[in-house]
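A.B. asks: Just dropping this structure here.
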Amino acid sequence: MGKKQFLAGIDVGTTKICTTCAQSENGTTEILGTGLAPSRGLKKGVVVNLSETIDSVKVSLEEAERHSQTSIESAFVSIGGAFIRGINSSGETEVRSKNGEITNEDIRRAVRVATSADLNDDYQIIHTLTRDFSVDGHAGVVNPLGMNGKHLSVALHLVLNASAVVQNIVNAINKAGVLVSGVVMQQLASAEAVLSADEKELGTVLVDIGGGTTDLAFYNQGSIWHSEVIPAGGDLITKDIAFGIKAPLKEAEQLKCTVGSVFPESVPIEELIEVSEVGSGQLRTTSRRQLCQIIQARCDEILKAVAEAIQQVGVQKELIMGVVITGGGSLLDGIVDRAEQILGMPVRVGYPINLVSHQHSAFHPAYSTSLGLLKYTQDVRGQVVVDPEPHRGGMKNWLMERIG
Ligand SMILES: Nc1ncnc2c1ncn2[C@@H]1O[C@H](COP(=O)(O)OP(=O)(O)OP(=O)(O)O)[C@@H](O)[C@H]1O
Ligand SMILES: [Mg+2]
C-alpha cells in the first residue's frame with residue numbers, strides 16, 4: 001500500500017477561481033471536492049484589485065473545503081497572464097570526472113550555463129524544464145546521470161514571469177489563508193490533465209482558450225518544446241457581441257454560450273433572437289446570423305494567432321497529433337471544425353482525463369488547469385532531473401522573502 005497524499009490546486013483564472021482537492025495513492029489521483037467562484041479583481045490573469053481577488057479565492061476555497069470535508073492549508077497555484085514568457089536555452093560542459101561518468105555536478109554545471117542569461121530584475125524564472133540532454137552529440141538522453149561521455153549538453157525550456165505578477169497572486173492566496181507550495185504556468189497544468197503520454201511523445205499543441213488569454217504549450221518526444229500566451233480569449237468575443245448588438249454583457253455571454261456558433265452561414269438568415277436593451281432592459285429582436293458573424297470574426301482572429309505561433313515555432317510537420325483545445329472557450333459551438341480549417345491539422349477538445357472522480361461536473365474543459373495542477377505536482381515535479389543551483393529551492397525562498 002502506498003502512502004496517501006493530500007493535494008490541493010487553485011486555478012486563478014480571469015473568469016473563475018477553481019479550487020480542487022484530491023487524494024493520491026498508488027499513482028491514482030482521486031478528486032475529493034471542487035470549489036468554483038466567479039473571478040473578480042483580475043484582468044488577463046493579472047491582479048488589478050487585490051481585495052476582490054482575495055474574496056473570490058476565499059469563496060472558491062470554502063466551497064472546495066465543504067465538498068471535500070477537508071481543510072486546505074497549502075496549495076499549488078496556477079499562474080498566467082500576458083507577461084509570462086517561455087524561452088528555449090541550452091548549455092554545454094565537459095565531463096570532469098576521471099572515469100568519464102557524468103555526475104550531478106556535471107549536470108548542474110550544464111544547467112547553470114543554460115540559465116545564466118542576464119535576466120531583467122523585474123522577471124523571475126518560474127520553471128526550468130528539461131527538453132533534452134545530449135552526450136557526446138547524441139541527443140534524446142532522458143537522464144545522463146552515471147552515463148559515460150566527454151561532453152554534456154542540455155536543452156531547457158525556461159518560463160519567466162514578471163515578479164510583481166507572481167507576487168500579487170501569492171499575496172492573494174496567502175491573505176485568503178493558504179500557503180503557496182508552488183506556482184505552475186497555466187497551460188503546463190492543463191496539459192497534465194488533458195494530454196495523453198502518446199500525444200506528448202508524438203507531437204501536440206495544447207491550446208487553453210480561457211476568458212482573458214489563450215495559452216499554448218507545444219510537446220514533442222515527451223517534453224515541452226515551447227510555450228506562448230496570446231492576450232485574447234473568450235471574454236473578447238463576449239465584449240464584441242455586447243458592442244455589436246448593443247446587449248448587456250451578461251446577456252451577450254449567455255447568447256454566446258447558448259445560441260452562438262462560429263459558422264454564421266449555417267444559421268437561416270431570417271432567424272431572430274431576443275435581446276434586452278442596455279439601460280432600459282426593454283426586449284427587442286436581432287439577427288442570430290449577425291451574432292454568429294461577430295463571434296466568427298473574433299474567433300478567427302484568435303485561431304489565426306494560434307496558427308501564426310505554430311508557424312513561428314516552425315514545428316507544423318512534427319505535430320503529428322495536431323491540436324488539443326481546452327478551457328471554457330473550447331466549448332464554443334463549431335470551434336473544432338473552424339480550428340481544423342484555419343490550422344490545417346486535426347483538432348480535438350481536451351476534457352480532463354488523467355484523474356478519477358465521482359463528481360462528473362469536474363470533467364469540464366474549464367477545470368483542466370485546476371485538475372492539472374494536482375497531476376503536475378505529482379508527475380512533472382517528480383521527474384525534474386536537476387534544478388539549476390541558483391534557483392534550487394529559490395522559488396520558495398523568493399516567495400517567503402516577500403510573504404514574510
Ligand atoms: N459553452 C460555451 N460556449 C462558448 N464559450 C464558453 C462556453 N463556456 C464557457 N465559455 C467561455 O470560456 C471562457 C472562460 O473559460 P475559462 O473558465 O477556461 O477561463 P479562465 O480560466 O477563467 O480564464 P484565463 O485562463 O484566461 O485566466 C469565457 O470567455 C466563457 O464565455
Ligand atoms: Mg484558464
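Residue numbering restarts at 1 in every chain; chains get A, B, ... in the order shown in the C-alpha cells, and ligands count up from 1 in that same order.
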Using only C-alpha atoms and all ligand atoms, find each residue in chain A having at least one atom no more than 6 Å away from ligand 2; report its shortest atom-to-atom pair and that distance in Å (one decimal), rows by chain then rising number, as a Markdown table.
C.D. replies:
| residue | atom | partner | partner_atom_place_in_ligand_line | distance |
| --- | --- | --- | --- | --- |
| A:Gly13 | CA | ligand 2 | 1 (Mg) | 4.8 |
| A:Gly210 | CA | ligand 2 | 1 (Mg) | 4.6 |
| A:Gly327 | CA | ligand 2 | 1 (Mg) | 5.9 |
A.B. asks: Quick one: everything within 7 Å of region 86-97 of chain A, counting only C-alpha atoms, minus sequence neighbours fewer than 2 positions away in the same chain. Send it as a PDB file with C-alpha atoms, in the first residue's frame.
C.D. replies:
ATOM      1  CA  ILE A  84       4.622  35.216 -18.999  1.00  0.00           C
ATOM      2  CA  ASN A  99      36.366   7.788 -15.168  1.00  0.00           C
ATOM      3  CA  GLY A 100      34.182   9.780 -17.602  1.00  0.00           C
ATOM      4  CA  GLU A 101      30.960   9.112 -15.651  1.00  0.00           C
ATOM      5  CA  ILE A 102      28.524  12.024 -15.699  1.00  0.00           C
ATOM      6  CA  ASP A 106      28.266  17.998 -14.405  1.00  0.00           C
ATOM      7  CA  ARG A 109      27.065  22.940 -14.479  1.00  0.00           C
ATOM      8  CA  ALA A 110      25.397  22.472 -17.887  1.00  0.00           C
ATOM      9  CA  VAL A 111      22.067  23.694 -16.490  1.00  0.00           C
ATOM     10  CA  VAL A 113      25.248  27.674 -18.284  1.00  0.00           C
ATOM     11  CA  ALA A 114      21.791  27.364 -19.835  1.00  0.00           C
ATOM     12  CA  GLY A 149      30.914  10.610 -22.078  1.00  0.00           C
ATOM     13  CA  LYS A 150      33.206  13.588 -22.524  1.00  0.00           C
ATOM     14  CA  HIS A 151      30.748  16.251 -23.406  1.00  0.00           C
ATOM     15  CA  LEU A 152      27.312  17.011 -21.963  1.00  0.00           C
ATOM     16  CA  SER A 153      24.740  19.464 -23.237  1.00  0.00           C
ATOM     17  CA  VAL A 154      21.252  20.279 -22.033  1.00  0.00           C
ATOM     18  CA  ALA A 155      18.318  21.962 -23.789  1.00  0.00           C
ATOM     19  CA  LEU A 156      15.916  23.711 -21.431  1.00  0.00           C
ATOM     20  CA  HIS A 157      12.608  25.479 -21.634  1.00  0.00           C
ATOM     21  CA  LEU A 158      12.564  28.383 -19.185  1.00  0.00           C
ATOM     22  CA  VAL A 159       9.355  30.059 -18.132  1.00  0.00           C
ATOM     23  CA  LEU A 160       9.668  33.611 -16.854  1.00  0.00           C
ATOM     24  CA  HIS A 226       7.735  25.846 -26.424  1.00  0.00           C
ATOM     25  CA  SER A 227       5.068  27.884 -24.629  1.00  0.00           C
ATOM     26  CA  GLU A 228       3.282  31.060 -25.517  1.00  0.00           C
TER      27      GLU A 228
END
A.B. asks: May I ask you to write as a PyMOL selection string all residues lying at most 8 Å from ligand 1, with only C-alpha atoms and all ligand atoms counted?
C.D. replies: chain A and resi 11-17+39+44-45+80-81+186+208-215+232-238+253-254+256-258+260+326-333+365-369
A.B. asks: Taking only C-alpha atoms into account, which of A:Ser56, A:Ser370, A:Leu355, A:Leu145 comes nearest Gly27 (chain A)?
C.D. replies: A:Leu355
A.B. asks: Find the residues near Pro264 (chain A): any atom within 9 Å, counting only C-alpha atoms, skip ones fewer than 4 places away on the same chain, and give them as a list in words.
C.D. replies: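 With the cut-off at 9 Å, the set is Gly260, Pro268, Ile269, Arg288, Arg289, Gln290, Leu291, Cys292, Gln293, Ile294, Ile295 and Gln296 of chain A.
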A.B. asks: Please run DSSP on the backbone and report, as a VMD selection string, all residues within region 108-218 of chain A that come out as alpha helix (DSSP H).
C.D. replies: chain A and resid 108 to 114 163 to 175 186 to 194 197 to 202
A.B. asks: Kindly give the distance, in Å, that separates CA of Ser68 (chain A) and CA of Ile54 (chain A), rounded to a single decimal.
C.D. replies: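 Spanning CA of Ser68 (chain A) to CA of Ile54 (chain A) is a straight-line distance of 20.9 Å.
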A.B. asks: Enumerate, in order of chain and increasing residue number, the residues of region 168-202 of chain A with an atom no farther than 8 Å from region 306-325 of chain A, each with its shortest atom pair and distance in Å to one decimal, counting only C-alpha atoms, as JSON lines.
C.D. replies:
{"residue": "A:Leu195", "atom": "CA", "partner": "A:Val324", "partner_atom": "CA", "distance": 7.7}
{"residue": "A:Glu199", "atom": "CA", "partner": "A:Met321", "partner_atom": "CA", "distance": 6.0}
{"residue": "A:Leu202", "atom": "CA", "partner": "A:Ile320", "partner_atom": "CA", "distance": 5.9}
A.B. asks: Distance CA of Leu272 (chain A)-CA of Leu303 (chain A), one decimal place?
C.D. replies: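 Going from CA of Leu272 (chain A) over to CA of Leu303 (chain A), I get 27.5 Å.
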A.B. asks: Which residue gives the smallest distance to Thr204 (chain A) among A:Val46, A:Ala217, A:Ala247, A:Ile353, with only C-alpha atoms counted?
C.D. replies: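 Residue with the minimum atom-to-atom distance to Thr204 (chain A): A:Ala217.
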